[in-house]
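Peer 1: Sharing a structure here in structure tokens format.
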Amino acid sequence: MNTLEELKAHSPNCFSNFVLKSLELPQLQLDELFVSKAVHCKCGHDAYSVLGHKEVEVKGFFRKRENVNILPPIYLECLNCGSVQLIFDPEKYGWDGINGDNANVVGKGKPAPLGFEGKVAILYSYQGLENYVDISSEFGRDMFDTFGLYIYNHNKLEPIINCECA
């Protein structure tokens with residue numbers, strides 16, 4: 001197996017509270033460096049409410065408009081069993097999180113529902129493969145360099161958050 005195949009052979013440990021299943025979404029034009037997975041609860045269901053933090057910026061001088069940013073950490077609450085699990089925190093997960101180099105802005109305090117419910121897909125990648133050559137695949141698979149979370153239903157895909165992790 002080559003480095004990429006070894007990294008992709010097992011899901012990152014940070015997703016161990018979930019059951020990840022293969023997922024091909026035509027709206028995501030992916031190359032081989034990216035992995036997309038459907039997220040299922042250990043109870044067997046696949047519908048969630050997304051929890052996190054919102055940052056609201058008011059822009060404009062005469063015409064005010066609000067710009068809402070979703071901030072990690074991101075939690076998923078199963079709509080069947082009510083289990084709430086952390087799925088992504090850039091201070092802990094990914095290349096920067098593991099190396100203590102997090103550059104993402106993160107929310108503070110208790111996460112709140114963000115108003116997104118449905119089936120959840122995640123997308124993560126291993127770009128810059130030369131960085132993974134001297135790292136064991138067991139450790140390297142946790143050092144993904146991008147993370148995205150999406151709500152999907154049939155042919156509709158709604159991005160919730162996309163983070164660079166390296």
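Following the order of the structure tokens, chains are lettered A, B, ..., residues in each are numbered from 1, and ligands are numbered from 1.
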I want to know what sits within 12 Å of Ser16 (chain A), based on only C-alpha atoms, with residues of the same chain fewer than 6 positions away left out; could you give that as an mmCIF file with C-alpha atoms, in the first residue's frame?
Peer 2:
data_model
loop_
_atom_site.group_PDB
_atom_site.id
_atom_site.type_symbol
_atom_site.label_atom_id
_atom_site.label_comp_id
_atom_site.auth_asym_id
_atom_site.auth_seq_id
_atom_site.Cartn_x
_atom_site.Cartn_y
_atom_site.Cartn_z
ATOM 1 C CA HIS A 10 -8.985 3.534 8.666
ATOM 2 C CA VAL A 39 -22.098 9.957 9.639
ATOM 3 C CA HIS A 40 -24.340 7.573 11.569
ATOM 4 C CA CYS A 41 -25.007 7.350 15.288
ATOM 5 C CA LYS A 42 -24.050 4.196 17.147
ATOM 6 C CA GLN A 85 -20.996 13.868 20.580
ATOM 7 C CA LEU A 86 -18.107 16.113 19.575
ATOM 8 C CA ILE A 87 -17.218 15.554 15.929
ATOM 9 C CA PHE A 88 -14.667 18.310 15.298
ATOM 10 C CA ASP A 142 -5.527 11.609 12.682
#
Peer 1: Show me, as a PDB file with all heavy atoms, in the first residue's frame, the residues that have an atom within 9 Å of Ala166 (chain A) when counting only C-alpha atoms, minus same-chain residues fewer than 4 positions from it.
Peer 2:
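Once written, selection.pdb looks like this:
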ATOM      1  N   GLY A  94      -6.951  17.040  13.677  1.00  0.00           N
ATOM      2  CA  GLY A  94      -6.301  17.463  12.449  1.00  0.00           C
ATOM      3  C   GLY A  94      -4.830  17.767  12.691  1.00  0.00           C
ATOM      4  O   GLY A  94      -4.312  17.675  13.811  1.00  0.00           O
ATOM      5  N   TRP A  95      -4.142  18.107  11.614  1.00  0.00           N
ATOM      6  CA  TRP A  95      -2.698  18.359  11.664  1.00  0.00           C
ATOM      7  C   TRP A  95      -2.364  19.427  12.697  1.00  0.00           C
ATOM      8  O   TRP A  95      -1.514  19.220  13.579  1.00  0.00           O
ATOM      9  CB  TRP A  95      -2.211  18.772  10.275  1.00  0.00           C
ATOM     10  CG  TRP A  95      -0.739  18.938  10.203  1.00  0.00           C
ATOM     11  CD1 TRP A  95      -0.008  20.030  10.561  1.00  0.00           C
ATOM     12  CD2 TRP A  95       0.213  17.962   9.760  1.00  0.00           C
ATOM     13  NE1 TRP A  95       1.334  19.799  10.369  1.00  0.00           N
ATOM     14  CE2 TRP A  95       1.501  18.540   9.881  1.00  0.00           C
ATOM     15  CE3 TRP A  95       0.105  16.661   9.280  1.00  0.00           C
ATOM     16  CZ2 TRP A  95       2.658  17.857   9.524  1.00  0.00           C
ATOM     17  CZ3 TRP A  95       1.261  15.981   8.928  1.00  0.00           C
ATOM     18  CH2 TRP A  95       2.519  16.585   9.048  1.00  0.00           C
ATOM     19  N   ASP A  96      -3.003  20.602  12.606  1.00  0.00           N
ATOM     20  CA  ASP A  96      -2.692  21.694  13.531  1.00  0.00           C
ATOM     21  C   ASP A  96      -3.107  21.386  14.966  1.00  0.00           C
ATOM     22  O   ASP A  96      -2.395  21.720  15.904  1.00  0.00           O
ATOM     23  CB  ASP A  96      -3.368  22.996  13.080  1.00  0.00           C
ATOM     24  CG  ASP A  96      -2.689  23.611  11.868  1.00  0.00           C
ATOM     25  OD1 ASP A  96      -1.554  23.222  11.552  1.00  0.00           O
ATOM     26  OD2 ASP A  96      -3.305  24.487  11.241  1.00  0.00           O
ATOM     27  N   GLY A  97      -4.245  20.760  15.129  1.00  0.00           N
ATOM     28  CA  GLY A  97      -4.715  20.445  16.473  1.00  0.00           C
ATOM     29  C   GLY A  97      -3.774  19.505  17.203  1.00  0.00           C
ATOM     30  O   GLY A  97      -3.446  19.706  18.378  1.00  0.00           O
ATOM     31  N   ASP A 101      -0.891  23.841  16.764  1.00  0.00           N
ATOM     32  CA  ASP A 101      -0.736  25.030  15.917  1.00  0.00           C
ATOM     33  C   ASP A 101      -2.060  25.598  15.433  1.00  0.00           C
ATOM     34  O   ASP A 101      -2.117  26.223  14.393  1.00  0.00           O
ATOM     35  CB  ASP A 101       0.093  24.674  14.670  1.00  0.00           C
ATOM     36  CG  ASP A 101       1.481  24.193  15.011  1.00  0.00           C
ATOM     37  OD1 ASP A 101       1.997  24.603  16.058  1.00  0.00           O
ATOM     38  OD2 ASP A 101       2.037  23.403  14.227  1.00  0.00           O
ATOM     39  N   ASN A 102      -3.148  25.385  16.149  1.00  0.00           N
ATOM     40  CA  ASN A 102      -4.469  25.773  15.662  1.00  0.00           C
ATOM     41  C   ASN A 102      -4.530  27.259  15.341  1.00  0.00           C
ATOM     42  O   ASN A 102      -4.217  28.103  16.162  1.00  0.00           O
ATOM     43  CB  ASN A 102      -5.548  25.412  16.684  1.00  0.00           C
ATOM     44  CG  ASN A 102      -6.914  25.854  16.232  1.00  0.00           C
ATOM     45  OD1 ASN A 102      -7.261  25.700  15.075  1.00  0.00           O
ATOM     46  ND2 ASN A 102      -7.676  26.419  17.131  1.00  0.00           N
ATOM     47  N   ALA A 103      -4.960  27.577  14.124  1.00  0.00           N
ATOM     48  CA  ALA A 103      -5.114  28.962  13.701  1.00  0.00           C
ATOM     49  C   ALA A 103      -6.581  29.327  13.508  1.00  0.00           C
ATOM     50  O   ALA A 103      -6.893  30.451  13.175  1.00  0.00           O
ATOM     51  CB  ALA A 103      -4.352  29.193  12.402  1.00  0.00           C
ATOM     52  N   MET A 143      -4.131  13.146  11.409  1.00  0.00           N
ATOM     53  CA  MET A 143      -3.564  14.448  11.054  1.00  0.00           C
ATOM     54  C   MET A 143      -4.066  14.931   9.694  1.00  0.00           C
ATOM     55  O   MET A 143      -3.293  15.410   8.868  1.00  0.00           O
ATOM     56  CB  MET A 143      -2.044  14.350  11.099  1.00  0.00           C
ATOM     57  CG  MET A 143      -1.545  13.970  12.489  1.00  0.00           C
ATOM     58  SD  MET A 143       0.228  13.760  12.572  1.00  0.00           S
ATOM     59  CE  MET A 143       0.749  15.463  12.538  1.00  0.00           C
ATOM     60  N   PHE A 144      -5.381  14.826   9.473  1.00  0.00           N
ATOM     61  CA  PHE A 144      -5.968  15.320   8.224  1.00  0.00           C
ATOM     62  C   PHE A 144      -5.740  16.823   8.139  1.00  0.00           C
ATOM     63  O   PHE A 144      -5.549  17.497   9.144  1.00  0.00           O
ATOM     64  CB  PHE A 144      -7.452  14.951   8.140  1.00  0.00           C
ATOM     65  CG  PHE A 144      -8.252  15.259   9.370  1.00  0.00           C
ATOM     66  CD1 PHE A 144      -8.874  16.487   9.539  1.00  0.00           C
ATOM     67  CD2 PHE A 144      -8.380  14.302  10.379  1.00  0.00           C
ATOM     68  CE1 PHE A 144      -9.612  16.764  10.677  1.00  0.00           C
ATOM     69  CE2 PHE A 144      -9.128  14.571  11.518  1.00  0.00           C
ATOM     70  CZ  PHE A 144      -9.746  15.806  11.662  1.00  0.00           C
ATOM     71  N   ASP A 145      -5.764  17.366   6.913  1.00  0.00           N
ATOM     72  CA  ASP A 145      -5.437  18.787   6.763  1.00  0.00           C
ATOM     73  C   ASP A 145      -6.608  19.684   6.381  1.00  0.00           C
ATOM     74  O   ASP A 145      -6.455  20.904   6.348  1.00  0.00           O
ATOM     75  CB  ASP A 145      -4.261  18.972   5.804  1.00  0.00           C
ATOM     76  CG  ASP A 145      -4.453  18.296   4.471  1.00  0.00           C
ATOM     77  OD1 ASP A 145      -5.600  18.073   4.072  1.00  0.00           O
ATOM     78  OD2 ASP A 145      -3.437  18.000   3.824  1.00  0.00           O
ATOM     79  N   THR A 146      -7.755  19.122   6.091  1.00  0.00           N
ATOM     80  CA  THR A 146      -8.979  19.913   5.936  1.00  0.00           C
ATOM     81  C   THR A 146     -10.130  19.121   6.542  1.00  0.00           C
ATOM     82  O   THR A 146     -10.073  17.893   6.636  1.00  0.00           O
ATOM     83  CB  THR A 146      -9.322  20.205   4.454  1.00  0.00           C
ATOM     84  OG1 THR A 146      -9.548  18.982   3.769  1.00  0.00           O
ATOM     85  CG2 THR A 146      -8.246  21.022   3.777  1.00  0.00           C
TER      86      THR A 146
END
Peer 1: Just checking: using only C-alpha atoms, which residue out of A:Ser125, A:Asn104, A:Asn99, A:Asn17 ends up closest to Val35 (chain A)?
Peer 2: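 Closest candidate: A:Ser125.
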Peer 1: Can you pull out every residue from region 55-109 of chain A that DSSP, working from the backbone, puts in strand (DSSP E or B), and format the result as a list of chain:residue names?
Peer 2: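 Answer for region 55-109 of chain A, restricted to strand (DSSP E or B): A:Glu55, A:Val56, A:Glu57, A:Val58, A:Lys59, A:Arg65, A:Glu66, A:Asn67, A:Val68, A:Asn69, A:Ile70, A:Leu71, A:Pro72, A:Pro73, A:Ile74, A:Tyr75, A:Leu76, A:Glu77, A:Cys78, A:Val84, A:Gln85, A:Leu86, A:Ile87, A:Phe88.
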Peer 1: Given the selection you just returned, output its residues as a file containing N, CA, C and O atoms, formatted as a compact mmCIF listing (two decimals), in the first residue's frame.
Peer 2:
# COMPACT_ATOMS: atom_id res chain seq x y z
N GLU A 55 -20.94 33.37 15.15
CA GLU A 55 -20.35 34.69 15.29
C GLU A 55 -21.08 35.59 14.29
O GLU A 55 -21.09 35.30 13.10
N VAL A 56 -21.70 36.64 14.78
CA VAL A 56 -22.47 37.53 13.91
C VAL A 56 -21.70 38.84 13.76
O VAL A 56 -21.36 39.50 14.74
N GLU A 57 -21.42 39.19 12.51
CA GLU A 57 -20.76 40.45 12.19
C GLU A 57 -21.77 41.34 11.47
O GLU A 57 -22.42 40.89 10.53
N VAL A 58 -21.87 42.57 11.89
CA VAL A 58 -22.73 43.53 11.21
C VAL A 58 -21.83 44.37 10.31
O VAL A 58 -20.85 44.96 10.77
N LYS A 59 -22.15 44.37 9.02
CA LYS A 59 -21.34 45.10 8.05
C LYS A 59 -22.20 46.15 7.35
O LYS A 59 -23.40 46.01 7.27
N ARG A 65 -26.04 44.79 7.16
CA ARG A 65 -26.33 43.39 6.90
C ARG A 65 -25.52 42.55 7.87
O ARG A 65 -24.43 42.92 8.27
N GLU A 66 -26.12 41.44 8.23
CA GLU A 66 -25.46 40.54 9.16
C GLU A 66 -24.75 39.43 8.40
O GLU A 66 -25.30 38.87 7.46
N ASN A 67 -23.54 39.15 8.80
CA ASN A 67 -22.78 38.06 8.25
C ASN A 67 -22.59 37.05 9.39
O ASN A 67 -22.00 37.37 10.42
N VAL A 68 -23.12 35.84 9.23
CA VAL A 68 -23.07 34.83 10.28
C VAL A 68 -22.00 33.79 9.92
O VAL A 68 -22.02 33.23 8.83
N ASN A 69 -21.08 33.59 10.84
CA ASN A 69 -20.04 32.58 10.69
C ASN A 69 -20.27 31.48 11.72
O ASN A 69 -20.56 31.76 12.88
N ILE A 70 -20.11 30.25 11.29
CA ILE A 70 -20.21 29.10 12.19
C ILE A 70 -18.80 28.81 12.69
O ILE A 70 -17.86 28.70 11.90
N LEU A 71 -18.67 28.69 14.01
CA LEU A 71 -17.37 28.42 14.62
C LEU A 71 -17.36 27.04 15.27
O LEU A 71 -18.33 26.64 15.90
N PRO A 72 -16.24 26.35 15.15
CA PRO A 72 -16.10 25.09 15.88
C PRO A 72 -15.80 25.40 17.35
O PRO A 72 -15.49 26.54 17.66
N PRO A 73 -15.86 24.44 18.22
CA PRO A 73 -16.07 23.03 17.99
C PRO A 73 -17.50 22.71 17.58
O PRO A 73 -18.44 23.44 17.93
N ILE A 74 -17.64 21.60 16.82
CA ILE A 74 -18.94 21.18 16.31
C ILE A 74 -19.34 19.86 16.97
O ILE A 74 -18.56 18.93 17.05
N TYR A 75 -20.58 19.84 17.44
CA TYR A 75 -21.16 18.65 18.05
C TYR A 75 -22.35 18.21 17.22
O TYR A 75 -22.99 19.03 16.56
N LEU A 76 -22.66 16.92 17.28
CA LEU A 76 -23.84 16.38 16.63
C LEU A 76 -24.74 15.75 17.69
O LEU A 76 -24.26 14.99 18.53
N GLU A 77 -26.03 16.09 17.63
CA GLU A 77 -27.03 15.49 18.52
C GLU A 77 -27.92 14.58 17.69
O GLU A 77 -28.59 15.05 16.76
N CYS A 78 -27.93 13.30 18.01
CA CYS A 78 -28.75 12.34 17.29
C CYS A 78 -30.22 12.66 17.52
O CYS A 78 -30.65 12.84 18.66
N VAL A 84 -25.27 13.35 22.34
CA VAL A 84 -24.53 14.51 21.84
C VAL A 84 -23.06 14.16 21.87
O VAL A 84 -22.51 13.82 22.93
N GLN A 85 -22.41 14.24 20.70
CA GLN A 85 -21.00 13.87 20.58
C GLN A 85 -20.23 14.94 19.82
O GLN A 85 -20.72 15.50 18.84
N LEU A 86 -19.02 15.21 20.28
CA LEU A 86 -18.11 16.11 19.58
C LEU A 86 -17.63 15.42 18.30
O LEU A 86 -17.16 14.28 18.35
N ILE A 87 -17.75 16.12 17.17
CA ILE A 87 -17.22 15.55 15.93
C ILE A 87 -15.97 16.29 15.46
O ILE A 87 -15.10 15.70 14.84
N PHE A 88 -15.85 17.59 15.76
CA PHE A 88 -14.67 18.31 15.30
C PHE A 88 -14.34 19.48 16.21
O PHE A 88 -15.19 20.30 16.51
Peer 1: At what distance in Å, to one decimal, does CA of Val19 (chain A) lie from CA of Gly82 (chain A)?
Peer 2: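 One can read the CA of Gly82 (chain A) to CA of Val19 (chain A) distance as 15.7 Å.
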Peer 1: Which residues are near Ile151 (chain A)? Cut-off 8 Å, only C-alpha atoms, ignore same chain within fewer than 4 positions. Put them as JSON, numbers by chain.
Peer 2: {"A": [116, 117, 118, 119, 120, 121, 157, 158, 159, 160]}
Peer 1: Using DSSP on the backbone, list every residue of chain A that comes out as alpha helix (DSSP H), and give them as a PyMOL selection string.
Peer 2: chain A and resi 3-8+94-99+137-140
Peer 1: As a VMD selection string, please: the residues near region 131-136 of chain A (cut-off 10 Å, only C-alpha atoms, same-chain neighbours under 4 positions excluded).
Peer 2: chain A and resid 2 to 4 6 to 7 126 to 127 140 to 141 143 to 144
Peer 1: So that I can see what lies close to Leu30 (chain A), please list as a list of chain:residue names the residues with an atom at most 12 Å from it, counting only C-alpha atoms and leaving out residues fewer than 6 positions away in the same chain.
Peer 2: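 So, after excluding close chain neighbours, the residues are A:Leu23, A:Glu24, A:Ser36, A:Leu123, A:Tyr124, A:Ser125.
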Peer 1: Taking only C-alpha atoms into account, name the residue in A:Ala47, A:Ala38, A:Cys14, A:Val105 that is nearest to Cys81 (chain A).
Peer 2: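 Checking each of A:Ala47, A:Ala38, A:Cys14, A:Val105 against Cys81 (chain A), counting only C-alpha atoms, the winner is A:Ala47.
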Peer 1: What's the separation between CA of Glu91 (chain A) and CA of Val106 (chain A), in Å to one decimal place?
Peer 2: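 Separation of CA of Glu91 (chain A) and CA of Val106 (chain A): 8.2 Å.
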Peer 1: Rank nothing, just name the residue among A:Ser49, A:Asn153, A:Asn13, A:Ser83 nearest to Leu114 (chain A), using only C-alpha atoms.
Peer 2: A:Ser49
Peer 1: Between CA of Pro26 (chain A) and CA of Ile161 (chain A), measure the distance and give it in Å to one decimal.
Peer 2: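 Spanning CA of Pro26 (chain A) to CA of Ile161 (chain A) is a straight-line distance of 18.6 Å.
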Peer 1: Considering only C-alpha atoms, can you say which of A:Tyr150, A:Phe62, A:Tyr93, A:Phe139 comes closest to Leu28 (chain A)?
Peer 2: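 Closest to Leu28 (chain A), using only C-alpha atoms: A:Tyr150.
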